[in-house]
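*Asks:* Once you've had a glance at the structure underneath, I'll fire off some questions.
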2 protein chains.
Amino acid sequence: MVKLDLKKLAKELNLSPSTVSRALRDSHEISEQTKDRVKELAARLGYQPNPHASSLRQSKSKTIAVIIPEIQNNFFSQILNGVEQVAREKKYHVLIYLTHEDQNRENEILNLLRNGRVDGIMISISNTTSNFEHLEACKASGMPLVFFDRIYDHIRVPRVTSDDEDAAFKATELLIKRGCKNITFLTLSNNLSISKRRQAGYERAMLKYRLVDHLNVLECSANDELNRQKIKEHLLAEQRPDGIFAAIEKFAVNTYEVCNEIGISIPSQLKVISFSNLSASALFAPPLSTVVQPAYTIGQRATEVLFKIIEKKTLLPSDKKITLSSEIIERKSTSGKN
Amino acid sequence: MVKLDLKKLAKELNLSPSTVSRALRDSHEISEQTKDRVKELAARLGYQPNPHASSLRQSKSKTIAVIIPEIQNNFFSQILNGVEQVAREKKYHVLIYLTHEDQNRENEILNLLRNGRVDGIMISISNTTSNFEHLEACKASGMPLVFFDRIYDHIRVPRVTSDDEDAAFKATELLIKRGCKNITFLTLSNNLSISKRRQAGYERAMLKYRLVDHLNVLECSANDELNRQKIKEHLLAEQRPDGIFAAIEKFAVNTYEVCNEIGISIPSQLKVISFSNLSASALFAPPLSTVVQPAYTIGQRATEVLFKIIEKKTLLPSDKKITLSSEIIERKSTSGKN
DNA sequence: CTGTTAGCGCGTTCAA
DNA sequence: TTGAACGCGCTAACAG
């Protein structure tokens with residue numbers, strides 16, 4: 001199959017390339033008749049314009065980039081699902097980049113995207129990111145940019161998040177109402193906007209119920225082995241907790257593993273609730289109570305806002321900061337009265 | 001920030017654009033001294049070549065496409081992880097497309113990729129795909145193409161899969177050794193290469209252990225509600241099974257849900273094993289025995305082969321058909337002697 | 001070792 | 001309503 005370009009199509013039709021180009025793009029200055037002829041042949045031969053030529057000419061790539069810390073996490077996969085759906089409707093393509101929670105990679109990726117490869121970028125920031133110049137520069141260069149979930153507060157960029165503070169408050173409150181007093185909050189890293197918001201919700205609940213003396217925050221990492229060890233020590237300590245609120249699914253899993261290992265019974269000895277988008281958490285032993293973020297919708301909404309920017313539509317104030325509600329699903333892991 | 005191109009860089013350096021271009025690409029015909037000057041300025045100004053111009057000129061996009069049925073599945077996310085890692089090393093970009101198990105989408109996507117947008121394509125076929133012309137055409141057009149996991153046997157394209165038949169045999173055998181006789185195989189659709197291979201393994205094991213009279217295959221779908229209903233009826237039937245072998249994690253989850261609902265106890269009344277890449281299956285009640293595919297490695301290897309084709313290296317016979325071993329992890333869901 | 005020139009394929013002037 | 005000509009930014013062929 002010899003490759004097809006506008007010129008060949010044009011020759012075949014006894015028209016000039018520009019006419020064919022216009023016909024295919026439904027220009028009003030081409031007769032219906034010609035359009036039909038052109039489109040018919042183009043369809044029959046399966047003509048597709050060369051995207052690089054077209055991008056070069058028009059300075060737009062019909063492509064957006066999604067940058068996430070990891071894909072191996074139901075939350076981010078669901079996000080990607082939402083992104084893809086909206087992008088597809090807009091006939092856009094989606095480039096995916098994983099930072100693996102590494103600031104350096106994040107920098108490199110943003111750098112790669114600086115010269116027109118994409119028309120816009122959506123990013124959920126890595127937890128090791130502590131320097132934000134790369135994001136400032138990206139924003140400053142005029143690149144359409146949207147933050148989702150893990151945002152950086154100090155750049156004026158539209159952001160789509162879930163109601164982390166509130167959901168964390170409710171999750172903590174649930175533990176308290178089920179009889180917990182010594183509730184430990186398992187968190188990822190304090191740089192992260194979401195961690196802070198979740199911790200704030202936890203603290204607000206503890207404060208409201210006069211449990212400030214029992215505040216306990218345990219910082220975990222991406223390393224399961226270390227986490228299990230840390231959690232194990234914590235659960236075996238004198239001042240051991242009767243409730244665990246995990247900011248991240250992974251840490252709830254680690255907690256379950258440790259409990260299985262050292263024979264702590266959930267929920268009678270320890271109640272557990274966690275942020276999680278894993279539907280299978282209903283099948284855990286015992287079924288895990290979860291805070292479920294509207295991941296798919298976050299992906300959709302963030303993408304919609306990105307397209308508004310790309311298309312230079314004016315953003316409503318309600319576009320600049322979108323907060324979606326999480327849902328708390330109570331299951332056995334928080335049941336009973338101690 | 002005014003945008004930067006080769007010409008401006010060249011003017012700044014009192015060089016011609018082509019010299020600058022060559023210097024940046026480390027051409028041997030440029031003096032070290034000039035290279036250094038050029039690179040220094042380029043780095044300082046943060047120059048990135050326009051990828052569309054460069055792609056147009058060189059007819060290569062430095063981009064590959066990954067087409068998968070869904071992302072909401074640990075197996076495919078792990079694949080993507082492997083793909084990304086290899087692509088990144090090659091300084092390639094990754095476009096992601098989801099077919100949502102829809103042949104039409106699959107066709108459309110392949111069509112979109114027909115004109116140089118990508119240098120190569122990796123695909124795991126949708127389960128509704130029954131016509132393969134789009135793949136034939138893609139292959140015929142000279143596009144580098146690799147199948148992974150869900151392959152189409154009748155096109156000569158390199159393929160990377162796991163040892164489905166063998167793993168299914170072993171999984172079935174495990175159920176038999178644990179005392180099961182009436183083993184039902186839950187499968188997705190018969191079009192799929194993997195379903196066929198897994199079913200073949202199941203049947204071979206049943207044959208070997210003289211249980212051919214107990215062969216039972218239940219076709220499930222993407223619809224959880226329907227699946228649960230189907231499985232429920234099946235588990236309540238007179239000839240009810242004492243073992244379930246699920247070809248897909250989703251169906252094991254559905255089985256667990258039904259068992260919870262109607263009070264069938266696993267493993268005492270029913271043993272369950274399933275293909276699954278969900279690490280949390282260890283936390284299920286009871287922990288689920290699984291056949292774990294080497295997803296990350298499949299992604300890596302498939303991408304490596306794709307790059308061999310892109311780079312026109314000669315493929316060894318061992319590149320054309322790569323089969324990786326799955327691992328069976330036995331847990332409580334298959335324990336005991338009935 | 002470096003500069004000049006041409007053209008990748010398209011969309012957009014401007015002219016007819 | 002159509003065609004001719006130009007240039008997007010880059011790299012490769014050809015000179016020197």
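Each chain of the structure tokens is named A, B, ... in the order shown, its residues numbered from 1; ligands are numbered from 1 in display order.
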Please find the residues of chain B near chain D - the criterion being any atom within 10 Å, counting only C-alpha atoms (C1' of nucleotides) - and write them as a PyMOL selection string.
*Replies:* chain B and resi 5-7+17-18+21-22+49-58
*Asks:* Report as a Markdown table the residues of chain C within 12 Å of chain B, each with its shortest atom pair and distance in Å (one decimal), using only C-alpha atoms (C1' of nucleotides), ordered by chain and increasing residue number.
*Replies:*
| residue | atom | partner | partner_atom | distance |
| --- | --- | --- | --- | --- |
| C:DC1 | C1' | B:Ile30 | CA | 5.9 |
| C:DT2 | C1' | B:Thr19 | CA | 6.6 |
| C:DG3 | C1' | B:Ser16 | CA | 6.3 |
| C:DT4 | C1' | B:Ser16 | CA | 9.1 |
| C:DT5 | C1' | B:Ser18 | CA | 10.9 |
| C:DA6 | C1' | B:Arg57 | CA | 11.9 |
| C:DG7 | C1' | B:Arg57 | CA | 8.6 |
| C:DC8 | C1' | B:Arg57 | CA | 4.6 |
| C:DG9 | C1' | B:Leu56 | CA | 7.7 |
| C:DC10 | C1' | B:Leu56 | CA | 10.2 |
*Asks:* Excluding Glu311 of chain B and any residue of its chain fewer than 4 positions from it, enumerate the residues within 12 Å of it, using only C-alpha atoms (C1' of nucleotides), and give them as a count of residues only.
*Replies:* 11
*Asks:* Between chain B and chain A, at 6 Å or less, what are the per-residue closest atom pairs and their distances in Å? Count only C-alpha atoms, order by chain and rising residue number, and return it as JSON lines.
*Replies:*
{"residue": "B:Gln48", "atom": "CA", "partner": "A:Asn115", "partner_atom": "CA", "distance": 5.8}
{"residue": "B:Asn50", "atom": "CA", "partner": "A:Asn115", "partner_atom": "CA", "distance": 5.5}
{"residue": "B:His52", "atom": "CA", "partner": "A:His52", "partner_atom": "CA", "distance": 4.8}
{"residue": "B:Ala53", "atom": "CA", "partner": "A:Leu56", "partner_atom": "CA", "distance": 5.9}
{"residue": "B:Leu56", "atom": "CA", "partner": "A:His52", "partner_atom": "CA", "distance": 5.3}
{"residue": "B:Ile71", "atom": "CA", "partner": "A:Ser77", "partner_atom": "CA", "distance": 5.9}
{"residue": "B:Gln72", "atom": "CA", "partner": "A:Ser77", "partner_atom": "CA", "distance": 5.6}
{"residue": "B:Ser77", "atom": "CA", "partner": "A:Gln72", "partner_atom": "CA", "distance": 5.6}
{"residue": "B:Val94", "atom": "CA", "partner": "A:Leu95", "partner_atom": "CA", "distance": 5.6}
{"residue": "B:Leu95", "atom": "CA", "partner": "A:Leu95", "partner_atom": "CA", "distance": 4.4}
{"residue": "B:Ile96", "atom": "CA", "partner": "A:Val94", "partner_atom": "CA", "distance": 6.0}
{"residue": "B:Asn115", "atom": "CA", "partner": "A:Asn50", "partner_atom": "CA", "distance": 5.5}
{"residue": "B:Ser141", "atom": "CA", "partner": "A:Met1", "partner_atom": "CA", "distance": 6.0}
{"residue": "B:Leu283", "atom": "CA", "partner": "A:Phe284", "partner_atom": "CA", "distance": 5.2}
{"residue": "B:Phe284", "atom": "CA", "partner": "A:Phe284", "partner_atom": "CA", "distance": 4.1}
{"residue": "B:Ala285", "atom": "CA", "partner": "A:Ala285", "partner_atom": "CA", "distance": 4.5}
*Asks:* Based on the backbone DSSP call, show me all residues of segment 23-173 of chain A assigned alpha helix (DSSP H), as an MDAnalysis selection string.
*Replies:* chainID A and resid 23:24 32:45 51:58 74:89 103:112 133:140 164:173
*Asks:* Would you compute the distance between atom CA of Phe169 of chain B and atom CA of Val272 of chain B? Give it in Å to one decimal.
*Replies:*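 Between atom CA of Phe169 of chain B and atom CA of Val272 of chain B the gap works out to 14.5 Å.
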*Asks:* Skipping near chain neighbours, those fewer than 5 positions away, what residues fall within 9 Å of Asn190 of chain A using only C-alpha atoms (C1' of nucleotides), listed as number ranges by chain?
*Replies:* A: 127, 195-196, 219
*Asks:* Include N, CA and C atoms and write out the residues we just selected as a JSON list (two decimals), in the first residue's frame.
*Replies:*
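Written out: again_18.json:
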[["chain", "number", "residue", "atom", "x", "y", "z"],
["A", 127, "ASN", "N", 4.27, 12.60, 45.25],
["A", 127, "ASN", "CA", 4.37, 12.94, 46.68],
["A", 127, "ASN", "C", 5.76, 13.38, 47.10],
["A", 195, "SER", "N", -2.96, 14.85, 51.58],
["A", 195, "SER", "CA", -2.62, 14.37, 52.91],
["A", 195, "SER", "C", -2.96, 15.42, 53.95],
["A", 196, "LYS", "N", -2.60, 16.63, 53.63],
["A", 196, "LYS", "CA", -2.88, 17.71, 54.57],
["A", 196, "LYS", "C", -4.37, 17.86, 54.81],
["A", 219, "GLU", "N", 3.44, 8.24, 59.59],
["A", 219, "GLU", "CA", 3.76, 8.45, 58.18],
["A", 219, "GLU", "C", 4.27, 7.19, 57.53]]
*Asks:* Pick out each residue of segment 136-214 of chain B that DSSP on the backbone tags as strand (DSSP E); I need them as a list in words.
*Replies:*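 Here is the list: Leu145, Val146, Phe147, Phe148, Arg159, Val160, Thr161, Ser162, Ile183, Thr184, Phe185, Leu186 and Thr187 of chain B.
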*Asks:* Just write the chosen residues, N, CA and C atoms, as a compact mmCIF listing (two decimals), in the first residue's frame.
*Replies:*
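Wrote result.txt, looks like this:
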# COMPACT_ATOMS: atom_id res chain seq x y z
N LEU B 145 3.58 -3.96 14.69
CA LEU B 145 2.41 -4.38 15.45
C LEU B 145 2.80 -5.56 16.34
N VAL B 146 2.34 -5.52 17.56
CA VAL B 146 2.56 -6.64 18.48
C VAL B 146 1.27 -6.94 19.22
N PHE B 147 0.96 -8.20 19.34
CA PHE B 147 -0.19 -8.61 20.15
C PHE B 147 0.30 -9.01 21.54
N PHE B 148 -0.51 -8.73 22.53
CA PHE B 148 -0.19 -9.28 23.85
C PHE B 148 -1.44 -9.76 24.54
N ARG B 159 3.75 -12.08 19.22
CA ARG B 159 2.76 -12.13 20.29
C ARG B 159 3.42 -12.46 21.61
N VAL B 160 2.96 -11.82 22.63
CA VAL B 160 3.47 -12.10 23.97
C VAL B 160 2.29 -12.49 24.84
N THR B 161 2.35 -13.70 25.34
CA THR B 161 1.23 -14.17 26.17
C THR B 161 1.77 -14.88 27.39
N SER B 162 0.87 -15.28 28.24
CA SER B 162 1.30 -16.16 29.32
C SER B 162 0.83 -17.57 28.99
N ILE B 183 -16.50 -29.27 38.61
CA ILE B 183 -15.83 -27.98 38.49
C ILE B 183 -16.40 -27.21 37.31
N THR B 184 -16.85 -26.01 37.60
CA THR B 184 -17.39 -25.16 36.54
C THR B 184 -16.35 -24.12 36.14
N PHE B 185 -16.22 -23.96 34.85
CA PHE B 185 -15.29 -22.97 34.32
C PHE B 185 -16.08 -21.73 33.93
N LEU B 186 -15.75 -20.61 34.55
CA LEU B 186 -16.42 -19.35 34.21
C LEU B 186 -15.58 -18.61 33.19
N THR B 187 -16.16 -18.35 32.04
CA THR B 187 -15.35 -17.74 30.99
C THR B 187 -16.05 -16.54 30.37
